$ cat run.csv   # CSV, C-alpha atoms
chain,number,residue,atom,x,y,z
A,1,LYS,CA,0.0,0.0,0.0
A,2,GLN,CA,1.4,3.4,-1.0
A,3,GLU,CA,2.3,5.7,1.8
A,4,VAL,CA,3.1,9.4,1.4
A,5,THR,CA,5.0,11.5,3.9
A,6,GLN,CA,5.6,15.2,3.9
A,7,ILE,CA,8.3,16.9,5.8
A,8,PRO,CA,8.3,19.3,7.5
A,9,ALA,CA,4.7,19.4,8.8
A,10,ALA,CA,5.0,23.1,9.3
A,11,LEU,CA,7.3,25.9,8.3
A,12,SER,CA,7.6,29.6,9.2
A,13,VAL,CA,10.0,31.7,7.2
A,14,PRO,CA,10.6,35.4,6.6
A,15,GLU,CA,9.7,36.9,3.3
A,16,GLY,CA,12.3,36.5,0.5
A,17,GLU,CA,13.7,33.1,1.6
A,18,ASN,CA,14.1,30.2,-0.7
A,19,LEU,CA,12.6,27.1,0.7
A,20,VAL,CA,12.3,23.3,0.0
A,21,LEU,CA,9.3,21.1,0.8
A,22,ASN,CA,9.8,17.4,0.8
A,23,CYS,CA,7.5,14.5,-0.2
A,24,SER,CA,8.5,10.9,0.1
A,25,PHE,CA,6.6,7.8,-1.1
A,26,THR,CA,7.1,4.1,-0.4
A,27,ASP,CA,6.2,2.5,-3.7
A,28,SER,CA,8.2,3.7,-6.7
A,29,ALA,CA,5.8,2.3,-9.2
A,30,ILE,CA,4.0,5.6,-9.8
A,31,TYR,CA,2.2,7.1,-12.7
A,32,ASN,CA,2.7,10.7,-11.7
A,33,LEU,CA,3.1,13.0,-8.7
A,34,GLN,CA,1.2,16.3,-8.3
A,35,TRP,CA,1.8,19.2,-6.0
A,36,PHE,CA,-1.2,21.2,-4.7
A,37,ARG,CA,-1.8,24.3,-2.7
A,38,GLN,CA,-4.7,24.5,-0.3
A,39,ASP,CA,-5.8,27.7,1.4
A,40,PRO,CA,-7.8,27.3,4.7
A,41,GLY,CA,-11.3,26.1,4.1
A,42,LYS,CA,-10.8,26.0,0.4
A,43,GLY,CA,-10.2,23.5,-2.4
A,44,LEU,CA,-7.0,22.3,-3.9
A,45,THR,CA,-5.2,24.2,-6.6
A,46,SER,CA,-2.8,22.3,-8.8
A,47,LEU,CA,0.7,23.7,-8.9
A,48,LEU,CA,2.8,21.2,-10.8
A,49,LEU,CA,2.4,17.7,-12.2
A,50,ILE,CA,5.4,15.5,-12.9
A,51,GLN,CA,4.9,12.4,-14.9
A,52,SER,CA,6.9,9.3,-13.9
A,53,SER,CA,9.2,9.7,-16.9
A,54,GLN,CA,10.1,13.3,-16.0
A,55,ARG,CA,12.7,14.6,-13.5
A,56,GLU,CA,11.4,18.1,-12.9
A,57,GLN,CA,8.8,20.7,-13.7
A,58,THR,CA,8.9,24.5,-13.3
A,59,SER,CA,6.3,27.1,-13.1
A,60,GLY,CA,7.3,30.7,-12.2
A,61,ARG,CA,9.0,30.6,-8.8
A,62,LEU,CA,8.2,27.0,-8.3
A,63,ASN,CA,10.3,24.0,-9.2
A,64,ALA,CA,9.4,20.4,-8.5
A,65,SER,CA,11.8,17.5,-8.9
A,66,LEU,CA,11.1,13.8,-8.8
A,67,ASP,CA,13.5,10.9,-8.0
A,68,LYS,CA,11.5,7.7,-8.4
A,69,SER,CA,14.3,5.4,-7.4
A,70,SER,CA,14.6,7.0,-4.0
A,71,GLY,CA,10.9,7.7,-3.6
A,72,ARG,CA,11.2,11.4,-3.2
A,73,SER,CA,10.0,14.7,-4.6
A,74,THR,CA,10.9,18.2,-3.6
A,75,LEU,CA,9.0,21.5,-4.2
A,76,TYR,CA,11.4,24.5,-4.3
A,77,ILE,CA,9.9,27.9,-3.8
A,78,ALA,CA,12.1,30.8,-4.7
A,79,ALA,CA,11.9,34.2,-3.1
A,80,SER,CA,8.9,33.4,-0.9
A,81,GLN,CA,6.1,36.0,-0.4
A,82,PRO,CA,3.4,36.3,2.2
A,83,GLY,CA,0.9,35.3,-0.5
A,84,ASP,CA,2.6,31.9,-0.6
A,85,SER,CA,1.3,31.1,2.9
A,86,ALA,CA,-0.9,28.0,2.6
A,87,THR,CA,-0.7,24.2,3.0
A,88,TYR,CA,1.2,22.4,0.3
A,89,LEU,CA,0.1,18.8,-0.5
A,90,CYS,CA,1.7,16.2,-2.7
A,91,ALA,CA,-0.4,13.4,-4.2
A,92,VAL,CA,1.1,10.3,-5.8
A,93,LEU,CA,-0.9,8.4,-8.4
A,94,SER,CA,0.2,4.8,-8.3
A,95,GLY,CA,0.5,2.8,-11.4
A,96,GLY,CA,-2.1,0.1,-11.9
A,97,SER,CA,-4.8,1.3,-9.4
A,98,TYR,CA,-4.9,4.9,-10.4
A,99,ILE,CA,-5.9,5.8,-6.9
A,100,PRO,CA,-4.2,8.9,-5.6
A,101,THR,CA,-2.5,8.9,-2.2
A,102,PHE,CA,-2.1,12.2,-0.5
A,103,GLY,CA,0.4,13.3,2.1
A,104,ARG,CA,-0.7,15.3,5.2
A,105,GLY,CA,0.8,18.5,3.8
A,106,THR,CA,3.3,21.1,4.9
A,107,SER,CA,1.7,24.2,6.4
A,108,LEU,CA,3.7,27.2,5.3
A,109,ILE,CA,3.7,30.7,6.8
A,110,VAL,CA,5.7,33.4,5.1
A,111,HIS,CA,5.8,36.5,7.3
A,112,PRO,CA,6.6,40.0,6.1
B,1,GLU,CA,-10.2,28.7,-17.8
B,2,PRO,CA,-12.7,25.9,-17.3
B,3,GLU,CA,-13.2,24.8,-13.7
B,4,VAL,CA,-15.0,22.2,-11.6
B,5,THR,CA,-17.9,23.6,-9.6
B,6,GLN,CA,-19.6,22.1,-6.6
B,7,THR,CA,-22.9,22.8,-4.8
B,8,PRO,CA,-23.8,23.5,-2.2
B,9,SER,CA,-20.8,25.1,-0.6
B,10,HIS,CA,-22.0,24.3,2.9
B,11,GLN,CA,-24.6,21.8,3.9
B,12,VAL,CA,-25.9,21.3,7.5
B,13,THR,CA,-28.0,18.2,8.1
B,14,GLN,CA,-29.3,16.2,11.0
B,15,MET,CA,-28.0,12.7,11.7
B,16,GLY,CA,-29.9,10.1,9.7
B,17,GLN,CA,-30.8,12.4,6.9
B,18,GLU,CA,-29.9,11.9,3.3
B,19,VAL,CA,-27.7,14.4,1.5
B,20,ILE,CA,-26.8,14.8,-2.2
B,21,LEU,CA,-23.6,16.7,-3.1
B,22,ARG,CA,-23.3,17.9,-6.6
B,23,CYS,CA,-20.4,18.5,-9.0
B,24,VAL,CA,-20.2,19.8,-12.5
B,25,PRO,CA,-17.0,18.4,-14.1
B,26,ILE,CA,-14.9,20.1,-16.8
B,27,SER,CA,-16.7,19.3,-20.0
B,28,ASN,CA,-14.2,17.2,-21.8
B,29,HIS,CA,-13.0,15.3,-18.7
B,30,LEU,CA,-13.9,11.6,-18.5
B,31,TYR,CA,-12.7,10.5,-15.0
B,32,PHE,CA,-14.4,11.7,-11.9
B,33,TYR,CA,-13.4,11.3,-8.3
B,34,TRP,CA,-14.8,12.1,-4.9
B,35,TYR,CA,-12.6,12.7,-1.9
B,36,ARG,CA,-13.2,13.8,1.7
B,37,GLN,CA,-11.1,15.7,4.1
B,38,ILE,CA,-12.0,15.6,7.8
B,39,LEU,CA,-10.8,18.8,9.5
B,40,GLY,CA,-7.1,18.7,10.1
B,41,GLN,CA,-6.6,15.4,8.4
B,42,LYS,CA,-5.5,14.0,5.0
B,43,VAL,CA,-7.4,14.1,1.8
B,44,GLU,CA,-8.9,10.6,1.4
B,45,PHE,CA,-10.0,8.9,-1.7
B,46,LEU,CA,-13.6,7.8,-1.8
B,47,VAL,CA,-14.5,6.6,-5.3
B,48,SER,CA,-13.6,7.0,-8.9
B,49,PHE,CA,-16.1,6.9,-11.8
B,50,TYR,CA,-15.5,6.4,-15.5
B,51,ASN,CA,-17.7,5.5,-18.4
B,52,ASN,CA,-20.8,5.7,-16.2
B,53,GLU,CA,-19.7,3.2,-13.7
B,54,ILE,CA,-17.5,3.0,-10.5
B,55,SER,CA,-13.9,2.1,-11.3
B,56,GLU,CA,-12.5,2.0,-7.8
B,57,LYS,CA,-13.8,2.6,-4.3
B,58,SER,CA,-12.1,2.8,-0.9
B,59,GLU,CA,-13.1,1.1,2.4
B,60,ILE,CA,-14.8,4.4,3.4
B,61,PHE,CA,-17.2,4.1,0.5
B,62,ASP,CA,-19.7,1.7,2.0
B,63,ASP,CA,-23.3,1.0,1.3
B,64,GLN,CA,-24.3,4.4,2.7
B,65,PHE,CA,-22.6,6.1,-0.3
B,66,SER,CA,-23.6,6.1,-3.9
B,67,VAL,CA,-22.5,8.0,-7.0
B,68,GLU,CA,-24.2,8.7,-10.3
B,69,ARG,CA,-24.2,10.9,-13.3
B,70,PRO,CA,-27.9,11.5,-13.7
B,71,ASP,CA,-27.9,13.8,-16.7
B,72,GLY,CA,-24.6,13.6,-18.5
B,73,SER,CA,-23.2,16.7,-16.8
B,74,ASN,CA,-23.7,16.6,-13.1
B,75,PHE,CA,-21.9,14.1,-11.0
B,76,THR,CA,-23.4,13.4,-7.6
B,77,LEU,CA,-22.4,11.8,-4.3
B,78,LYS,CA,-25.3,10.6,-2.1
B,79,ILE,CA,-25.0,9.7,1.5
B,80,ARG,CA,-28.2,7.8,2.5
B,81,SER,CA,-28.2,8.1,6.3
B,82,THR,CA,-25.6,10.6,7.6
B,83,LYS,CA,-23.6,10.0,10.7
B,84,LEU,CA,-21.7,12.5,12.8
B,85,GLU,CA,-18.4,11.2,11.5
B,86,ASP,CA,-19.5,12.1,7.9
B,87,SER,CA,-18.8,15.7,8.8
B,88,ALA,CA,-16.0,16.8,6.5
B,89,MET,CA,-15.1,18.7,3.3
B,90,TYR,CA,-16.1,16.7,0.2
B,91,PHE,CA,-14.2,17.4,-2.9
B,92,CYS,CA,-14.9,16.4,-6.5
B,93,ALA,CA,-12.0,16.1,-8.9
B,94,THR,CA,-11.9,15.4,-12.6
B,95,TYR,CA,-9.1,14.2,-14.8
B,96,ARG,CA,-8.2,14.8,-18.4
B,97,GLU,CA,-7.6,11.6,-20.3
B,98,ASN,CA,-4.0,10.5,-20.7
B,99,SER,CA,-2.5,13.1,-18.3
B,100,TYR,CA,-4.3,12.2,-15.1
B,101,GLU,CA,-3.8,15.7,-13.9
B,102,GLN,CA,-6.4,16.3,-11.2
B,103,TYR,CA,-8.6,19.4,-11.2
B,104,PHE,CA,-10.4,20.0,-7.9
B,105,GLY,CA,-13.6,21.7,-7.2
B,106,PRO,CA,-13.9,24.2,-4.3
B,107,GLY,CA,-15.6,21.6,-2.0
B,108,THR,CA,-18.7,21.1,0.0
B,109,ARG,CA,-18.5,21.5,3.7
B,110,LEU,CA,-20.9,18.9,5.3
B,111,THR,CA,-21.8,19.4,8.9
B,112,VAL,CA,-23.9,16.6,10.5
B,113,THR,CA,-25.5,17.5,13.8

$ encode --input "run.csv" --output "structure tokens"
Amino acid sequence: KQEVTQIPAALSVPEGENLVLNCSFTDSAIYNLQWFRQDPGKGLTSLLLIQSSQREQTSGRLNASLDKSSGRSTLYIAASQPGDSATYLCAVLSGGSYIPTFGRGTSLIVHP
Amino acid sequence: EPEVTQTPSHQVTQMGQEVILRCVPISNHLYFYWYRQILGQKVEFLVSFYNNEISEKSEIFDDQFSVERPDGSNFTLKIRSTKLEDSAMYFCATYRENSYEQYFGPGTRLTVT
């Protein structure tokens, strides 16, 4: 059974810092991995999708990498801003079942 | 940009009552999913639906739950007899074929009293 872990659970940084959020998964037979942002009481907004054949994806100040062999993905946020404050979730779609497994998320606060 | 919509945004119901949560998927998406998120906990998969039938379901999705696509556009989740522990956010998500990129709706907050 796929298990997804996100570290750290919470992070508080000053504005302008570069930061790294981690996602690890136990079964490397994945179809893709998707990073989401969730604001309090709201839905999930897709940030980046990495297919199993890809190593990284970039969108603006965000860069996500995938290392299937070690079961890890990282989300890099450059020059963080207070508007980046949210919970960041990773979801792994396992090959075969196509049932996504979510991590608990990293709660990020960027203070001015 | 097309988006997934869900209604109602908030539903309060008494224990034992039936509720129907509605989702309008993005028009050319073929795969539909329901998830729930209990406050402070993980997003949990409930059920997936493709080609007018259930593809996969989790242990949570017992006989009290059902899904259907009654009119070719709406996608509904019905809970027949709600329990206190059904209180959660319920999210609908749809997938574009071949990419499996998930697009989530804003959610319905269900409160069972």

$ closest_residue --input "run.csv" --among "B:Lys42, B:Arg22, B:Arg36, B:Arg80" --to "chain A" --atoms "all atoms listed in the file"
B:Lys42

$ residues_around --input "run.csv" --residues "stretch 102-111 of chain B" --least-positions-apart "5" --cutoff "7 Å" --atoms "only C-alpha atoms" --output "PyMOL selection string"
(chain A and resi 42-46) or (chain B and resi 4-13+87-95)

$ residues_around --input "run.csv" --residues "B:Lys57" --least-positions-apart "5" --cutoff "9 Å" --atoms "all atoms listed in the file" --output "list in words"
Ile99 of chain A; Phe45, Leu46, Val47, Ser48, Phe49 and Asp62 of chain B

$ closest_atom_pairs --input "run.csv" --of "chain A" --to "chain B" --cutoff "12 Å" --atoms "only C-alpha atoms" --output "CSV"
residue,atom,partner,partner_atom,distance
A:Glu3,CA,B:Lys42,CA,11.8
A:Val4,CA,B:Lys42,CA,10.4
A:Thr5,CA,B:Lys42,CA,10.8
A:Gln6,CA,B:Lys42,CA,11.2
A:Ala9,CA,B:Gly40,CA,11.9
A:Ile30,CA,B:Tyr100,CA,11.9
A:Tyr31,CA,B:Tyr100,CA,8.6
A:Asn32,CA,B:Tyr100,CA,7.9
A:Leu33,CA,B:Glu101,CA,9.1
A:Gln34,CA,B:Glu101,CA,7.5
A:Trp35,CA,B:Gln102,CA,10.1
A:Phe36,CA,B:Gln102,CA,9.7
A:Arg37,CA,B:Phe104,CA,10.9
A:Gln38,CA,B:Pro106,CA,10.0
A:Asp39,CA,B:Pro106,CA,10.5
A:Pro40,CA,B:Gly40,CA,10.2
A:Gly41,CA,B:Met89,CA,8.4
A:Lys42,CA,B:Pro106,CA,5.9
A:Gly43,CA,B:Pro106,CA,4.2
A:Leu44,CA,B:Phe104,CA,5.7
A:Thr45,CA,B:Phe104,CA,6.8
A:Ser46,CA,B:Tyr103,CA,6.9
A:Leu47,CA,B:Glu101,CA,10.5
A:Leu48,CA,B:Glu101,CA,9.1
A:Leu49,CA,B:Glu101,CA,6.7
A:Ile50,CA,B:Glu101,CA,9.3
A:Gln51,CA,B:Ser99,CA,8.2
A:Ser52,CA,B:Ser99,CA,11.1
A:Thr87,CA,B:Gly40,CA,11.0
A:Tyr88,CA,B:Lys42,CA,11.7
A:Leu89,CA,B:Val43,CA,9.1
A:Cys90,CA,B:Val43,CA,10.4
A:Ala91,CA,B:Val43,CA,9.2
A:Val92,CA,B:Glu101,CA,10.9
A:Leu93,CA,B:Tyr100,CA,8.4
A:Ser94,CA,B:Tyr100,CA,11.0
A:Gly95,CA,B:Tyr100,CA,11.2
A:Gly96,CA,B:Glu56,CA,11.3
A:Ser97,CA,B:Glu56,CA,7.9
A:Tyr98,CA,B:Glu56,CA,8.5
A:Ile99,CA,B:Phe45,CA,7.3
A:Pro100,CA,B:Phe45,CA,7.0
A:Thr101,CA,B:Phe45,CA,7.5
A:Phe102,CA,B:Val43,CA,6.1
A:Gly103,CA,B:Lys42,CA,6.6
A:Arg104,CA,B:Lys42,CA,5.0
A:Gly105,CA,B:Lys42,CA,7.8
A:Thr106,CA,B:Lys42,CA,11.3
A:Ser107,CA,B:Gly40,CA,11.0

$ closest_residue --input "run.csv" --among "B:Gln14, B:Asn98, B:Ser81, B:Thr113" --to "B:Tyr31" --atoms "only C-alpha atoms"
B:Asn98

$ atom_distance --input "run.csv" --atom1 "atom CA of B:Lys83" --atom2 "atom CA of B:Phe65"
11.7 Å

$ atom_distance --input "run.csv" --atom1 "atom CA of B:Asp86" --atom2 "atom CA of B:Asn74"
21.9 Å

$ atom_distance --input "run.csv" --atom1 "atom CA of A:Arg72" --atom2 "atom CA of A:Asn22"
7.3 Å

$ residues_around --input "run.csv" --residues "A:Gln54" --least-positions-apart "6" --cutoff "10 Å" --atoms "all atoms listed in the file" --output "mmCIF file with C-alpha atoms, in the coordinates of the input"
data_model
loop_
_atom_site.group_PDB
_atom_site.id
_atom_site.type_symbol
_atom_site.label_atom_id
_atom_site.label_comp_id
_atom_site.auth_asym_id
_atom_site.auth_seq_id
_atom_site.Cartn_x
_atom_site.Cartn_y
_atom_site.Cartn_z
ATOM 1 C CA ASN A 32 2.700 10.700 -11.700
ATOM 2 C CA SER A 65 11.800 17.500 -8.900
ATOM 3 C CA LEU A 66 11.100 13.800 -8.800
ATOM 4 C CA ASP A 67 13.500 10.900 -8.000
ATOM 5 C CA LYS A 68 11.500 7.700 -8.400
#

$ closest_residue --input "run.csv" --among "B:Glu59, B:Glu68, B:Glu85, B:Glu3" --to "B:Ser27" --atoms "only C-alpha atoms"
B:Glu3

$ residues_around --input "run.csv" --residues "A:Arg61" --least-positions-apart "6" --cutoff "9 Å" --atoms "all atoms listed in the file" --output "list in words"
Tyr76, Ile77, Ala78, Ala79 and Ser80 of chain A

$ decode --input "run.csv" --residues "stretch 27-41 of chain A" --atoms "all heavy atoms" --output "CSV table (one decimal), in the first residue's frame"
chain,number,residue,atom,x,y,z
A,27,ASP,N,6.2,3.3,-2.5
A,27,ASP,CA,6.2,2.5,-3.7
A,27,ASP,C,6.6,3.3,-4.9
A,27,ASP,O,5.9,4.2,-5.3
A,27,ASP,CB,4.8,1.9,-3.9
A,27,ASP,CG,4.7,0.9,-5.0
A,27,ASP,OD1,5.6,0.8,-5.8
A,27,ASP,OD2,3.7,0.2,-5.1
A,28,SER,N,7.7,2.9,-5.6
A,28,SER,CA,8.2,3.7,-6.7
A,28,SER,C,7.5,3.5,-8.0
A,28,SER,O,7.7,4.2,-9.0
A,28,SER,CB,9.7,3.5,-6.9
A,28,SER,OG,9.9,2.1,-7.2
A,29,ALA,N,6.5,2.6,-8.0
A,29,ALA,CA,5.8,2.3,-9.2
A,29,ALA,C,4.6,3.3,-9.4
A,29,ALA,O,3.5,3.0,-9.2
A,29,ALA,CB,5.2,0.9,-9.2
A,30,ILE,N,5.0,4.5,-9.7
A,30,ILE,CA,4.0,5.6,-9.8
A,30,ILE,C,3.8,6.0,-11.2
A,30,ILE,O,4.6,5.8,-12.1
A,30,ILE,CB,4.4,6.8,-8.9
A,30,ILE,CG1,5.6,7.5,-9.5
A,30,ILE,CG2,4.7,6.4,-7.5
A,30,ILE,CD1,5.9,8.9,-8.9
A,31,TYR,N,2.6,6.6,-11.4
A,31,TYR,CA,2.2,7.1,-12.7
A,31,TYR,C,2.6,8.6,-12.8
A,31,TYR,O,3.2,9.1,-13.8
A,31,TYR,CB,0.7,6.9,-13.0
A,31,TYR,CG,0.3,7.2,-14.4
A,31,TYR,CD1,0.4,6.2,-15.4
A,31,TYR,CD2,-0.2,8.4,-14.7
A,31,TYR,CE1,0.0,6.5,-16.7
A,31,TYR,CE2,-0.6,8.7,-16.0
A,31,TYR,CZ,-0.5,7.7,-17.0
A,31,TYR,OH,-0.9,7.9,-18.3
A,32,ASN,N,2.3,9.3,-11.7
A,32,ASN,CA,2.7,10.7,-11.7
A,32,ASN,C,2.7,11.2,-10.2
A,32,ASN,O,2.2,10.5,-9.3
A,32,ASN,CB,1.8,11.6,-12.6
A,32,ASN,CG,0.4,11.7,-12.2
A,32,ASN,OD1,0.1,11.7,-11.0
A,32,ASN,ND2,-0.5,11.8,-13.1
A,33,LEU,N,3.1,12.4,-10.0
A,33,LEU,CA,3.1,13.0,-8.7
A,33,LEU,C,2.7,14.5,-9.0
A,33,LEU,O,3.2,15.2,-9.9
A,33,LEU,CB,4.5,13.0,-8.0
A,33,LEU,CG,4.6,13.5,-6.6
A,33,LEU,CD1,5.6,12.7,-5.8
A,33,LEU,CD2,4.9,15.0,-6.6
A,34,GLN,N,1.7,14.9,-8.1
A,34,GLN,CA,1.2,16.3,-8.3
A,34,GLN,C,1.3,17.1,-7.0
A,34,GLN,O,1.0,16.5,-5.9
A,34,GLN,CB,-0.3,16.2,-8.7
A,34,GLN,CG,-0.9,17.4,-9.3
A,34,GLN,CD,-2.2,17.1,-10.0
A,34,GLN,OE1,-2.7,16.0,-10.1
A,34,GLN,NE2,-2.9,18.2,-10.5
A,35,TRP,N,1.7,18.3,-7.1
A,35,TRP,CA,1.8,19.2,-6.0
A,35,TRP,C,0.6,20.2,-6.1
A,35,TRP,O,0.2,20.7,-7.1
A,35,TRP,CB,3.1,20.0,-6.0
A,35,TRP,CG,4.3,19.3,-5.5
A,35,TRP,CD1,5.2,18.6,-6.3
A,35,TRP,CD2,4.7,19.1,-4.2
A,35,TRP,NE1,6.1,18.0,-5.5
A,35,TRP,CE2,5.9,18.4,-4.2
A,35,TRP,CE3,4.3,19.6,-3.0
A,35,TRP,CZ2,6.6,18.0,-3.1
A,35,TRP,CZ3,5.0,19.3,-1.8
A,35,TRP,CH2,6.1,18.5,-1.9
A,36,PHE,N,0.0,20.4,-4.9
A,36,PHE,CA,-1.2,21.2,-4.7
A,36,PHE,C,-0.9,22.3,-3.7
A,36,PHE,O,-0.1,22.1,-2.7
A,36,PHE,CB,-2.4,20.5,-4.3
A,36,PHE,CG,-2.9,19.5,-5.3
A,36,PHE,CD1,-2.5,18.2,-5.3
A,36,PHE,CD2,-3.9,19.9,-6.3
A,36,PHE,CE1,-3.0,17.2,-6.2
A,36,PHE,CE2,-4.4,18.9,-7.2
A,36,PHE,CZ,-3.9,17.6,-7.2
A,37,ARG,N,-1.7,23.3,-3.8
A,37,ARG,CA,-1.8,24.3,-2.7
A,37,ARG,C,-3.2,24.3,-2.2
A,37,ARG,O,-4.2,24.3,-3.0
A,37,ARG,CB,-1.4,25.7,-3.3
A,37,ARG,CG,-1.7,26.9,-2.4
A,37,ARG,CD,-1.6,28.2,-3.1
A,37,ARG,NE,-2.0,29.2,-2.2
A,37,ARG,CZ,-1.3,30.3,-2.0
A,37,ARG,NH1,-0.2,30.6,-2.6
A,37,ARG,NH2,-1.8,31.2,-1.1
A,38,GLN,N,-3.3,24.4,-0.9
A,38,GLN,CA,-4.7,24.5,-0.3
A,38,GLN,C,-4.7,25.7,0.7
A,38,GLN,O,-4.0,25.7,1.7
A,38,GLN,CB,-5.1,23.2,0.4
A,38,GLN,CG,-6.5,23.2,1.0
A,38,GLN,CD,-6.9,21.9,1.6
A,38,GLN,OE1,-6.1,21.1,2.1
A,38,GLN,NE2,-8.2,21.6,1.5
A,39,ASP,N,-5.6,26.6,0.5
A,39,ASP,CA,-5.8,27.7,1.4
A,39,ASP,C,-6.8,27.2,2.4
A,39,ASP,O,-7.7,26.4,2.1
A,39,ASP,CB,-6.2,29.0,0.7
A,39,ASP,CG,-5.1,29.5,-0.2
A,39,ASP,OD1,-4.2,30.1,0.4
A,39,ASP,OD2,-5.1,29.4,-1.4
A,40,PRO,N,-6.8,27.8,3.6
A,40,PRO,CA,-7.8,27.3,4.7
A,40,PRO,C,-9.2,27.3,4.3
A,40,PRO,O,-9.7,28.3,3.8
A,40,PRO,CB,-7.5,28.4,5.8
A,40,PRO,CG,-6.1,28.9,5.6
A,40,PRO,CD,-5.9,28.9,4.1
A,41,GLY,N,-9.9,26.2,4.4
A,41,GLY,CA,-11.3,26.1,4.1
A,41,GLY,C,-11.6,26.0,2.6
A,41,GLY,O,-12.7,26.1,2.2
